[in-house]
There are 2 protein chains.
Amino acid sequence: MTVTEQMIHVARNAREASRRLGSLSANVKNELLRRMAQGLLDAQEQLTGENEKDLMAARAAGLSTAMLDRLTLDSGRIRGMADGLREVAELPDPVGEVTGMRRRPNGLLVGRMRVPLGVIGIIYESRPNVTADAAGLCLKSGNAVILRGGKESLHSNLAIGGILQNQLERMGLPAACLQVIKTTDRDAMLELLKREDEIDLIIPRGGEGLIRFVSEHSRIPVIKHYKGVCHTFVDASADFAQAEKICVNAKVQRPGVCNAMETLLVHQDIAETFIPRIASVMRSHGVELRGCPVTREFAPDIQAASEEDWYAEYLDLTLAVRVVENLEEAIDHIRTYGSLHTEVIVTRDYENSQRFLNEVNSSVVMVNASSRFSDGHQLGLGAEIGISTTKLHSFGPMGLEDLTTRKFIIYGDGQVRD
Amino acid sequence: MTVTEQMIHVARNAREASRRLGSLSANVKNELLRRMAQGLLDAQEQLTGENEKDLMAARAAGLSTAMLDRLTLDSGRIRGMADGLREVAELPDPVGEVTGMRRRPNGLLVGRMRVPLGVIGIIYESRPNVTADAAGLCLKSGNAVILRGGKESLHSNLAIGGILQNQLERMGLPAACLQVIKTTDRDAMLELLKREDEIDLIIPRGGEGLIRFVSEHSRIPVIKHYKGVCHTFVDASADFAQAEKICVNAKVQRPGVCNAMETLLVHQDIAETFIPRIASVMRSHGVELRGCPVTREFAPDIQAASEEDWYAEYLDLTLAVRVVENLEEAIDHIRTYGSLHTEVIVTRDYENSQRFLNEVNSSVVMVNASSRFSDGHQLGLGAEIGISTTKLHSFGPMGLEDLTTRKFIIYGDGQVRD
């Protein structure tokens, strides 16, 4: 089979399997996920063995310690995947919910029923645990899933996929509900991205390069976020202790993730007091600051920020700091340089809190809390399949419901149109 | 300016204008739409004059009578556009609604606020009334709109756009809230379809060729339906009089639209009685039938259907008819040949009605009613911007709410993550 034929085959089998999956009860899906969790735990030896093949190749290729760490499957991570599947089994099933049932003047009863999207493609990089995590969310929401991971983790991904498929087959369900692509060829991925008739959604997870590549080449709708340039604006009326606590948490608690703060905006009326204070505490946490000219008046020993710094997603202990004239300038800065991810205002002013919530057009907007809460678990979605910073379908952290859509259902008794 | 520069200019101005539009109150937007309606009525002479230029060119180019009819703006159609704008002014504003506000265990109050998408591009063919209709829905939902119509109606579209822009300016609002592209160059459209940073959604309206072209070339999300191959399945238990009434209405009442029935499926147990009856009544309405072999046993004088007929969207007084063994075969036929638009079952059987509603995965599924009800007005959306047969964001007829998205809003009092 050519690569094209293989991908057509994978996509058609997924579409076919999705029909069966879409009509399963929550009980059956939950049982499946629990068995999958147990299957992973029982296969620990096999999994670490396959993972070792990936690790050996990675060491030979001279990958960084951080990359090797991401690749590693140890017993803790295997338990993590199993726990994740069991947690998803406990979540309510979004499929089948009927909402908005209303009687039309002609007697038709019109409402909407939540249904699975159908087939979801996940394209990811080196972390093998994504194979189980993403599969759990897709299956629970009634969707067939096609998983295409990075070449570094191919042995691990195939091993995880095989174990999960085993449980599907033991329950008499089509193995094609979950398929791990056996080749990490770029051509194969490109073929997959053309199968718009069989695949309903592509979710790329990884670096900006991968996401842009997928987005540019896909004919299938893509839900994505390129980066998280999250802002915290400390307003003139802010409680300084609260502002400090929120800023430190947003920058330092886990700097390598997309909901960490990258730019701090400070109202000019408090700059003289707040800038030296926050500069000193950030320095004590090992954070390197880059400031605008006004910031540097009050913290002369920090580096000057360039235009690029306002666009930067450092994912590191680096922070850009800018003094703004007022709320409007803060909002303008966010609109110009932001990534529509998450923005925070720290304020005691009622009007400014409301204006910030209304006027900032990012996917998550907060008053007086750390941007680190911008996460599906933290916001009550139960689990997270990704974050969308494009506005179609989903905006912000995405849970099970975001993997579904709604169809109209209509009960009539012979109505026709005049 | 090159075409690329022009389109960058148009897209950036729209993005800029959308910021102002997004924060307008419903009162201001409604007043704007009412003034726009009056503006169109007051400019009737100018509009028919500009339209005459399009009509002359169209006659010279030898366009069909049907095409000329679609192009024509007479006083009735101008009143129709004005009435449409006034109706949209009366609809509730979806923007600003907050839902799902819940307290998290740590005290954070988390909910979602409905917000405009931002900038919407409408790409359409020859009907100039789309200029006003689409603009009304986009503006009411707080979105800036870029309108790119067909070359046959350019004078008419520019005249309508100019009148609507006048009302924006008189109310002190940015003219770029509504822009009609001055060139119908394909290159200009292609440039527009690349502006993913400024345009949030593209809605193509027209024939399948246009929609496929837009869909294949757009980097911006596209909401579309290619065609409506709507099915009616007459089950064994159907009331024949009701089935006949529903089938005739679905096929004959307005055959040229996407929610008209294109294929009739008949349960084999009633074929011997129902097929001759429906064949005769359809013939009396001038409908040409094309049948499967079993259908032709009971209606020997009709043409044989080929494989292509099952995929056909005739948009005309032609109907494909197939006898199926049972409900499963009906559902399988719809899944194989359907377009995910609208499907109907006529039945008196409870279990079959429920199975059809649950298992048919089209955007609108009905029991005992004409497929002609698959329309935003008829289903209670108030107005319709289009129909989506792709599952992302919207599925089925789309109203004002479908031109919006939801962002997370979070009220805290100093929460940080552990």
# chains A, B, ... in the order shown; residues from 1 in each chain; ligands from 1
>>> select_by_dssp(residues="segment 213-375 of chain B", states="alpha helix (DSSP H)", output="number ranges by chain")
B: 213-217, 240-252, 268-284, 293-298, 307-311, 327-337, 350-359
>>> write_last_selection(atoms="C-alpha atoms", output="PDB file, in the first residue's frame")
ATOM      1  CA  PHE B 213     -12.924  26.797  -3.915  1.00  0.00           C
ATOM      2  CA  VAL B 214     -13.199  28.953  -0.787  1.00  0.00           C
ATOM      3  CA  SER B 215     -12.863  25.967   1.505  1.00  0.00           C
ATOM      4  CA  GLU B 216      -9.751  24.658  -0.205  1.00  0.00           C
ATOM      5  CA  HIS B 217      -7.954  28.008  -0.261  1.00  0.00           C
ATOM      6  CA  PHE B 240     -50.161   7.051   4.145  1.00  0.00           C
ATOM      7  CA  ALA B 241     -52.111  10.299   3.960  1.00  0.00           C
ATOM      8  CA  GLN B 242     -49.605  12.013   6.262  1.00  0.00           C
ATOM      9  CA  ALA B 243     -46.652  10.514   4.378  1.00  0.00           C
ATOM     10  CA  GLU B 244     -48.063  11.701   1.068  1.00  0.00           C
ATOM     11  CA  LYS B 245     -48.654  15.226   2.360  1.00  0.00           C
ATOM     12  CA  ILE B 246     -45.134  15.453   3.834  1.00  0.00           C
ATOM     13  CA  CYS B 247     -43.430  14.027   0.730  1.00  0.00           C
ATOM     14  CA  VAL B 248     -45.287  16.312  -1.673  1.00  0.00           C
ATOM     15  CA  ASN B 249     -44.521  19.363   0.448  1.00  0.00           C
ATOM     16  CA  ALA B 250     -40.848  18.396   0.805  1.00  0.00           C
ATOM     17  CA  LYS B 251     -40.418  17.883  -2.938  1.00  0.00           C
ATOM     18  CA  VAL B 252     -42.781  20.331  -4.601  1.00  0.00           C
ATOM     19  CA  GLN B 268     -40.417  -2.773   1.540  1.00  0.00           C
ATOM     20  CA  ASP B 269     -43.497  -3.906   3.473  1.00  0.00           C
ATOM     21  CA  ILE B 270     -45.561  -1.004   2.130  1.00  0.00           C
ATOM     22  CA  ALA B 271     -43.864  -0.558  -1.249  1.00  0.00           C
ATOM     23  CA  GLU B 272     -46.551  -2.368  -3.211  1.00  0.00           C
ATOM     24  CA  THR B 273     -49.262   0.031  -2.005  1.00  0.00           C
ATOM     25  CA  PHE B 274     -47.333   3.254  -1.320  1.00  0.00           C
ATOM     26  CA  ILE B 275     -45.100   3.390  -4.408  1.00  0.00           C
ATOM     27  CA  PRO B 276     -47.943   3.486  -6.978  1.00  0.00           C
ATOM     28  CA  ARG B 277     -49.801   6.026  -4.844  1.00  0.00           C
ATOM     29  CA  ILE B 278     -46.844   8.426  -4.412  1.00  0.00           C
ATOM     30  CA  ALA B 279     -45.745   7.930  -8.028  1.00  0.00           C
ATOM     31  CA  SER B 280     -49.137   9.016  -9.242  1.00  0.00           C
ATOM     32  CA  VAL B 281     -49.413  12.052  -6.977  1.00  0.00           C
ATOM     33  CA  MET B 282     -45.823  13.133  -7.751  1.00  0.00           C
ATOM     34  CA  ARG B 283     -46.537  12.802 -11.480  1.00  0.00           C
ATOM     35  CA  SER B 284     -49.604  15.001 -11.043  1.00  0.00           C
ATOM     36  CA  PRO B 293     -35.369  -2.000  -9.438  1.00  0.00           C
ATOM     37  CA  VAL B 294     -37.935  -2.782  -6.696  1.00  0.00           C
ATOM     38  CA  THR B 295     -39.508   0.657  -7.037  1.00  0.00           C
ATOM     39  CA  ARG B 296     -39.876   0.054 -10.772  1.00  0.00           C
ATOM     40  CA  GLU B 297     -41.694  -3.234 -10.159  1.00  0.00           C
ATOM     41  CA  PHE B 298     -44.501  -1.164  -8.607  1.00  0.00           C
ATOM     42  CA  GLU B 307     -25.693   5.200  -8.655  1.00  0.00           C
ATOM     43  CA  GLU B 308     -25.295   8.928  -9.359  1.00  0.00           C
ATOM     44  CA  ASP B 309     -28.924   9.597  -8.593  1.00  0.00           C
ATOM     45  CA  TRP B 310     -28.425   8.662  -4.940  1.00  0.00           C
ATOM     46  CA  TYR B 311     -25.841  11.434  -4.609  1.00  0.00           C
ATOM     47  CA  LEU B 327     -34.869   1.059   9.216  1.00  0.00           C
ATOM     48  CA  GLU B 328     -31.203  -0.016   9.319  1.00  0.00           C
ATOM     49  CA  GLU B 329     -30.965  -0.006   5.547  1.00  0.00           C
ATOM     50  CA  ALA B 330     -32.600   3.432   5.426  1.00  0.00           C
ATOM     51  CA  ILE B 331     -30.077   4.802   7.935  1.00  0.00           C
ATOM     52  CA  ASP B 332     -27.195   3.153   6.072  1.00  0.00           C
ATOM     53  CA  HIS B 333     -28.374   4.668   2.793  1.00  0.00           C
ATOM     54  CA  ILE B 334     -28.510   8.126   4.382  1.00  0.00           C
ATOM     55  CA  ARG B 335     -25.029   7.716   5.867  1.00  0.00           C
ATOM     56  CA  THR B 336     -23.592   6.574   2.553  1.00  0.00           C
ATOM     57  CA  TYR B 337     -25.225   9.045   0.181  1.00  0.00           C
ATOM     58  CA  TYR B 350     -42.218   4.765  18.769  1.00  0.00           C
ATOM     59  CA  GLU B 351     -39.007   2.762  18.739  1.00  0.00           C
ATOM     60  CA  ASN B 352     -38.200   3.566  15.117  1.00  0.00           C
ATOM     61  CA  SER B 353     -38.817   7.287  15.657  1.00  0.00           C
ATOM     62  CA  GLN B 354     -36.336   7.283  18.551  1.00  0.00           C
ATOM     63  CA  ARG B 355     -33.756   5.218  16.711  1.00  0.00           C
ATOM     64  CA  PHE B 356     -33.942   7.508  13.683  1.00  0.00           C
ATOM     65  CA  LEU B 357     -33.509  10.630  15.869  1.00  0.00           C
ATOM     66  CA  ASN B 358     -30.576   9.079  17.718  1.00  0.00           C
ATOM     67  CA  GLU B 359     -28.728   7.290  14.949  1.00  0.00           C
TER      68      GLU B 359
END
>>> closest_atom_pairs(of="chain A", to="chain B", cutoff="7 Å", atoms="only C-alpha atoms", output="CSV")
residue,atom,partner,partner_atom,distance
A:Val110,CA,B:Leu379,CA,6.6
A:Leu117,CA,B:Lys391,CA,6.3
A:Glu216,CA,B:Arg219,CA,6.6
A:Arg219,CA,B:Glu216,CA,6.6
A:Pro221,CA,B:Pro221,CA,6.9
A:Gln242,CA,B:Gly414,CA,5.7
A:Ile246,CA,B:Val416,CA,6.0
A:Asn249,CA,B:Val416,CA,6.1
A:Leu357,CA,B:Ile409,CA,6.6
A:Ser363,CA,B:Lys407,CA,4.7
A:Val364,CA,B:Phe408,CA,4.6
A:Val365,CA,B:Ile409,CA,5.0
A:Met366,CA,B:Ile410,CA,4.5
A:Val367,CA,B:Tyr411,CA,5.1
A:Asn368,CA,B:Gly412,CA,4.9
A:Ala369,CA,B:Gln415,CA,4.8
A:Ser370,CA,B:Val416,CA,5.1
A:Arg372,CA,B:Arg417,CA,6.6
A:Phe373,CA,B:Arg417,CA,6.9
A:Leu379,CA,B:Val110,CA,6.7
A:Lys391,CA,B:Thr405,CA,6.1
A:Leu392,CA,B:His393,CA,5.6
A:His393,CA,B:His393,CA,3.6
A:Phe395,CA,B:Lys407,CA,6.1
A:Gly396,CA,B:Lys407,CA,6.7
A:Thr405,CA,B:Lys391,CA,6.1
A:Arg406,CA,B:Phe395,CA,6.4
A:Lys407,CA,B:Ser363,CA,4.7
A:Phe408,CA,B:Val364,CA,4.6
A:Ile409,CA,B:Val365,CA,5.1
A:Ile410,CA,B:Met366,CA,4.5
A:Tyr411,CA,B:Val367,CA,5.1
A:Gly412,CA,B:Asn368,CA,4.9
A:Asp413,CA,B:Asn368,CA,5.3
A:Gly414,CA,B:Asn368,CA,5.0
A:Gln415,CA,B:Ala369,CA,4.8
A:Val416,CA,B:Ser370,CA,5.1
A:Arg417,CA,B:Arg372,CA,6.6
>>> write_last_selection(atoms="C-alpha atoms", output="PDB file, in the first residue's frame")
ATOM      1  CA  VAL A 110     -37.673  21.688  18.220  1.00  0.00           C
ATOM      2  CA  LEU A 117     -17.985  15.025  16.397  1.00  0.00           C
ATOM      3  CA  GLU A 216      -1.424  25.595   7.110  1.00  0.00           C
ATOM      4  CA  ARG A 219      -8.283  20.873   4.992  1.00  0.00           C
ATOM      5  CA  PRO A 221     -10.852  22.122  10.861  1.00  0.00           C
ATOM      6  CA  GLN A 242      -2.161  40.500  46.676  1.00  0.00           C
ATOM      7  CA  ILE A 246      -0.484  36.713  42.137  1.00  0.00           C
ATOM      8  CA  ASN A 249       2.602  32.599  41.319  1.00  0.00           C
ATOM      9  CA  LEU A 357     -13.668  41.591  31.873  1.00  0.00           C
ATOM     10  CA  SER A 363     -10.200  33.404  25.850  1.00  0.00           C
ATOM     11  CA  VAL A 364      -9.794  33.674  29.627  1.00  0.00           C
ATOM     12  CA  VAL A 365     -10.060  36.967  31.533  1.00  0.00           C
ATOM     13  CA  MET A 366      -9.602  37.100  35.308  1.00  0.00           C
ATOM     14  CA  VAL A 367      -9.817  39.554  38.173  1.00  0.00           C
ATOM     15  CA  ASN A 368      -7.497  39.104  41.155  1.00  0.00           C
ATOM     16  CA  ALA A 369      -6.271  35.559  40.490  1.00  0.00           C
ATOM     17  CA  SER A 370      -3.205  33.872  39.036  1.00  0.00           C
ATOM     18  CA  ARG A 372      -2.091  29.638  36.206  1.00  0.00           C
ATOM     19  CA  PHE A 373      -5.784  28.805  36.810  1.00  0.00           C
ATOM     20  CA  LEU A 379     -11.915  25.776  35.700  1.00  0.00           C
ATOM     21  CA  LYS A 391     -12.728  31.637  18.396  1.00  0.00           C
ATOM     22  CA  LEU A 392     -14.500  29.036  16.299  1.00  0.00           C
ATOM     23  CA  HIS A 393     -16.164  26.125  18.121  1.00  0.00           C
ATOM     24  CA  PHE A 395     -12.335  29.435  22.964  1.00  0.00           C
ATOM     25  CA  GLY A 396     -10.133  28.752  25.982  1.00  0.00           C
ATOM     26  CA  THR A 405     -21.538  19.188  18.567  1.00  0.00           C
ATOM     27  CA  ARG A 406     -25.336  19.602  18.569  1.00  0.00           C
ATOM     28  CA  LYS A 407     -27.818  18.480  15.950  1.00  0.00           C
ATOM     29  CA  PHE A 408     -31.408  19.692  15.696  1.00  0.00           C
ATOM     30  CA  ILE A 409     -34.090  17.139  16.544  1.00  0.00           C
ATOM     31  CA  ILE A 410     -37.708  17.800  15.618  1.00  0.00           C
ATOM     32  CA  TYR A 411     -40.901  16.034  16.677  1.00  0.00           C
ATOM     33  CA  GLY A 412     -43.834  16.677  14.347  1.00  0.00           C
ATOM     34  CA  ASP A 413     -47.295  15.299  13.680  1.00  0.00           C
ATOM     35  CA  GLY A 414     -47.620  15.871   9.984  1.00  0.00           C
ATOM     36  CA  GLN A 415     -46.630  19.549   9.651  1.00  0.00           C
ATOM     37  CA  VAL A 416     -45.910  20.919   6.168  1.00  0.00           C
ATOM     38  CA  ARG A 417     -44.878  24.396   5.040  1.00  0.00           C
TER      39      ARG A 417
END
>>> atom_distance(atom1="atom CA of Gly100 of chain B", atom2="atom CA of His231 of chain A")
24.8 Å
>>> residues_around(residues="Thr131 of chain A", least_positions_apart="6", cutoff="10 Å", atoms="only C-alpha atoms", output="list in words")
Met81, Ile122, Ile123, Tyr124, Val145, Ile146, Leu147, Arg148, Gly149, Ser156, Asn157, Leu158, Ala159, Ile160, Gly161, Leu164, Leu178, Gln179 and Val180 of chain A
>>> atom_distance(atom1="atom CA of Val324 of chain B", atom2="atom CA of His267 of chain B")
5.2 Å
>>> residues_around(residues="Gly206 of chain A", least_positions_apart="2", cutoff="7 Å", atoms="only C-alpha atoms", output="list of chain:residue names")
A:Tyr124, A:Glu125, A:Pro204, A:Glu208, A:Leu210, A:Ile211
>>> write_last_selection(atoms="C-alpha atoms", output="PDB file, in the first residue's frame")
ATOM      1  CA  TYR A 124       1.543  15.530  18.942  1.00  0.00           C
ATOM      2  CA  GLU A 125       5.236  15.511  19.680  1.00  0.00           C
ATOM      3  CA  PRO A 204      -2.236  19.568  17.183  1.00  0.00           C
ATOM      4  CA  GLU A 208       4.430  26.504  17.577  1.00  0.00           C
ATOM      5  CA  LEU A 210       4.230  21.878  14.504  1.00  0.00           C
ATOM      6  CA  ILE A 211       0.976  23.737  15.091  1.00  0.00           C
TER       7      ILE A 211
END
>>> select_by_dssp(residues="segment 120-286 of chain A", states="strand (DSSP E)", output="ChimeraX atom specification")
/A:120-124,144-148,178-180,201-205,230-234,261-267
